[in-house]
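Novice: Could you have a look at this structure, given as structure tokens, before my questions?
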Amino acid sequence: MSPRTPTATGSVKIYRKKIIAGNWKMNKTTGEAKVLVEDIIRDIGKFDEAEIVLCPPFTSLETVSTLLSPINNIRLGAQNLNDKPSGAFTGEISAGMLKDLYVRYVIIGHSERRQFFGEDDATVNRKTIAALHAELRPIVCIGETLPQREGNTWKKVLETQLKGGLAGFTEKELTDIILAYEPVWAIGTGKTATPAQAEETHQFIRHWLAKNFSMAVSERVRIQYGGSVKPENAAELLNQPNIDGALVGGASLDARGFTAIVKNACPSPR
Ligand code: PEP
């Protein structure tokens, strides 16, 4: 599909295909992963209205990769990577190792990595560079905590994360990056940003991209929303003009829930 579609007023609107990713976190053995992926494929293996990405734990990447190999519209993602290409880094996984398993996307800077594993914006920047060099598409996560939202410092917080995490990238590199806005207070809590709150924040991020990179970059970069996305709230959130997809945690562990999110958020054209 053309990336540019004329609007009713004749101006040109950039088409951004929605991207819905499931972040399984530290869940599912390989046997459980196989069952989940088979169920997802059965239901949305031919669904073409959105890009779909599954991010299992490292231990299931190979199994999921094999299952997805004949499927065109569902891609494989990883939840993390190390920024070094190889070496004495016990327990770590490099971009090259992910490529070897046909991984296409990698989540970087998830708030759980920031909170529990001390990752900061400089780490995010290094990992994003490593991912892009290996031709993996980074899903770079940003988001504020509840006190930051309530104290009205969220714009400053997001600006700092964007400035640090995206430092030094070219416009071309930027358009290969997917941003995920995930308010920390909405992750795994059952609390969701209202569609208006999420849209306002996505608009803020897009304006930041326009100001600090270019209008073309701001129109092309896809920004996912993440934080307690469920089948019941997916459509309203993803109908917002600046929300280009979802990063789904808990609800992606169940095939019916995940496929309902995909289908509710991106209904097939009639
Ligand atoms: C996440 O971990 O990225 C996430 C959004 O989790 P949940 O959907 O469970 O809130």
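Just so we're on the same page: first chain in the structure tokens is A, next is B, and so on; residues restart at 1 for each chain, and ligands are numbered from 1 in the order they show up.
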Which residues of chain A come within 10 Å of ligand 1, and what is each one's closest atom pair and distance in Å (one decimal), counting only C-alpha atoms and all ligand atoms, sorted by chain and residue number, as CSV?
Specialist:
residue,atom,partner,partner_atom_place_in_ligand_line,distance
A:Ala21,CA,ligand 1,3 (O),8.9
A:Gly22,CA,ligand 1,3 (O),8.0
A:Asn23,CA,ligand 1,3 (O),6.0
A:Trp24,CA,ligand 1,2 (O),7.9
A:Lys25,CA,ligand 1,2 (O),7.1
A:Gln79,CA,ligand 1,3 (O),9.8
A:Ile107,CA,ligand 1,3 (O),9.1
A:His110,CA,ligand 1,3 (O),6.8
A:Ser111,CA,ligand 1,2 (O),7.9
A:Glu112,CA,ligand 1,2 (O),7.7
A:Cys141,CA,ligand 1,3 (O),8.3
A:Ala180,CA,ligand 1,3 (O),8.4
A:Tyr181,CA,ligand 1,5 (C),9.1
A:Glu182,CA,ligand 1,5 (C),6.4
A:Pro183,CA,ligand 1,5 (C),8.5
A:Val184,CA,ligand 1,10 (O),8.5
A:Trp185,CA,ligand 1,10 (O),8.8
A:Ala186,CA,ligand 1,10 (O),5.8
A:Ile187,CA,ligand 1,10 (O),3.3
A:Gly188,CA,ligand 1,10 (O),3.6
A:Thr189,CA,ligand 1,10 (O),6.3
A:Gly190,CA,ligand 1,10 (O),6.8
A:Lys191,CA,ligand 1,10 (O),8.1
A:Thr192,CA,ligand 1,10 (O),8.0
A:Gln224,CA,ligand 1,5 (C),9.9
A:Tyr225,CA,ligand 1,5 (C),7.8
A:Gly226,CA,ligand 1,5 (C),4.0
A:Gly227,CA,ligand 1,10 (O),3.7
A:Ser228,CA,ligand 1,10 (O),3.5
A:Val229,CA,ligand 1,8 (O),5.2
A:Lys230,CA,ligand 1,8 (O),7.5
A:Ala246,CA,ligand 1,5 (C),8.0
A:Leu247,CA,ligand 1,3 (O),5.4
A:Val248,CA,ligand 1,8 (O),4.2
A:Gly249,CA,ligand 1,6 (O),3.4
A:Gly250,CA,ligand 1,9 (O),3.7
A:Ala251,CA,ligand 1,8 (O),6.0
A:Ser252,CA,ligand 1,8 (O),7.5
A:Leu253,CA,ligand 1,9 (O),9.3
Novice: Restricted to C-alpha atoms, what would the selected residues look like written as a PDB file, in the first residue's frame?
Specialist:
ATOM      1  CA  ALA A  21       3.523  -6.699  19.488  1.00  0.00           C
ATOM      2  CA  GLY A  22       3.107  -9.250  22.250  1.00  0.00           C
ATOM      3  CA  ASN A  23       5.715  -9.065  25.011  1.00  0.00           C
ATOM      4  CA  TRP A  24       5.573 -12.377  26.822  1.00  0.00           C
ATOM      5  CA  LYS A  25       8.155 -11.306  29.408  1.00  0.00           C
ATOM      6  CA  GLN A  79      12.798  -8.714  24.537  1.00  0.00           C
ATOM      7  CA  ILE A 107      12.303  -4.415  22.529  1.00  0.00           C
ATOM      8  CA  HIS A 110      11.307  -1.569  28.649  1.00  0.00           C
ATOM      9  CA  SER A 111      10.458   0.023  32.007  1.00  0.00           C
ATOM     10  CA  GLU A 112      11.116  -3.319  33.730  1.00  0.00           C
ATOM     11  CA  CYS A 141      10.162   2.081  25.162  1.00  0.00           C
ATOM     12  CA  ALA A 180       6.471   2.507  22.441  1.00  0.00           C
ATOM     13  CA  TYR A 181       4.912   4.944  24.871  1.00  0.00           C
ATOM     14  CA  GLU A 182       4.262   2.921  28.004  1.00  0.00           C
ATOM     15  CA  PRO A 183       3.210   4.854  31.090  1.00  0.00           C
ATOM     16  CA  VAL A 184       4.807   2.853  33.916  1.00  0.00           C
ATOM     17  CA  TRP A 185       1.679   3.290  36.027  1.00  0.00           C
ATOM     18  CA  ALA A 186      -0.370   1.465  33.398  1.00  0.00           C
ATOM     19  CA  ILE A 187       1.902  -1.566  32.910  1.00  0.00           C
ATOM     20  CA  GLY A 188       0.452  -4.725  34.410  1.00  0.00           C
ATOM     21  CA  THR A 189      -1.765  -2.683  36.732  1.00  0.00           C
ATOM     22  CA  GLY A 190      -5.064  -2.921  34.893  1.00  0.00           C
ATOM     23  CA  LYS A 191      -5.052   0.910  34.719  1.00  0.00           C
ATOM     24  CA  THR A 192      -4.991   2.261  31.191  1.00  0.00           C
ATOM     25  CA  GLN A 224       2.803   2.188  19.926  1.00  0.00           C
ATOM     26  CA  TYR A 225       0.843   2.541  23.144  1.00  0.00           C
ATOM     27  CA  GLY A 226       1.450   0.013  25.911  1.00  0.00           C
ATOM     28  CA  GLY A 227      -0.128  -0.412  29.329  1.00  0.00           C
ATOM     29  CA  SER A 228      -2.954  -2.821  30.122  1.00  0.00           C
ATOM     30  CA  VAL A 229      -4.190  -3.026  26.534  1.00  0.00           C
ATOM     31  CA  LYS A 230      -7.052  -5.544  26.389  1.00  0.00           C
ATOM     32  CA  ALA A 246       0.170  -1.540  20.786  1.00  0.00           C
ATOM     33  CA  LEU A 247       2.771  -3.258  22.897  1.00  0.00           C
ATOM     34  CA  VAL A 248       0.817  -5.845  24.832  1.00  0.00           C
ATOM     35  CA  GLY A 249       2.072  -7.630  27.942  1.00  0.00           C
ATOM     36  CA  GLY A 250      -0.328  -9.703  30.031  1.00  0.00           C
ATOM     37  CA  ALA A 251      -3.048 -10.012  27.405  1.00  0.00           C
ATOM     38  CA  SER A 252      -0.576 -11.427  24.864  1.00  0.00           C
ATOM     39  CA  LEU A 253      -0.146 -14.607  26.924  1.00  0.00           C
TER      40      LEU A 253
END
Novice: Using only C-alpha atoms, which residues sit within 8 Å of Lys127 of chain A once same-chain residues fewer than 5 positions away are excluded, as a list in words?
Specialist: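 The contact residues come out as Leu81, Asn82, Asp83 and Ile108 of chain A.
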Novice: Those residues with N, CA and C atoms, as a compact mmCIF listing (two decimals), in the first residue's frame please?
Specialist:
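Writing done, so here's out_24.txt:
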# COMPACT_ATOMS: atom_id res chain seq x y z
N LEU A 81 18.63 -7.24 24.17
CA LEU A 81 19.89 -7.70 23.57
C LEU A 81 21.02 -7.00 24.28
N ASN A 82 22.23 -7.51 24.10
CA ASN A 82 23.41 -6.80 24.61
C ASN A 82 23.97 -5.97 23.46
N ASP A 83 24.58 -4.83 23.80
CA ASP A 83 25.07 -3.97 22.71
C ASP A 83 26.40 -4.41 22.14
N ILE A 108 13.60 -2.57 23.40
CA ILE A 108 14.75 -1.95 24.09
C ILE A 108 14.23 -0.94 25.11
Novice: In Å to one decimal, how far is atom CA of Met26 of chain A from atom CA of Val64 of chain A?
Specialist: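 Computing it gives 15.0 Å between the two atoms.
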Novice: For segment 129-138 of chain A, list every protein, DNA or RNA residue within 10 Å, evaluated using only C-alpha atoms, and leave out those in the same chain fewer than 2 positions away; present the list as a ChimeraX atom specification.
Specialist: /A:77-85,94-99,102-109,123-127,140-141,165-169,173-180
Novice: May I have all residues of segment 41-204 of chain A that DSSP, computed from the backbone, assigns to strand (DSSP E), given as a PyMOL selection string?
Specialist: chain A and resi 50-55+74-78+105-108+137-142+178-181
Novice: I need the residues in segment 54-196 of chain A that are alpha helix (DSSP H) according to DSSP; give them as a PyMOL selection string.
Specialist: chain A and resi 61-68+95-100+111-117+121-133+146-150+154-165+171-176+195-196
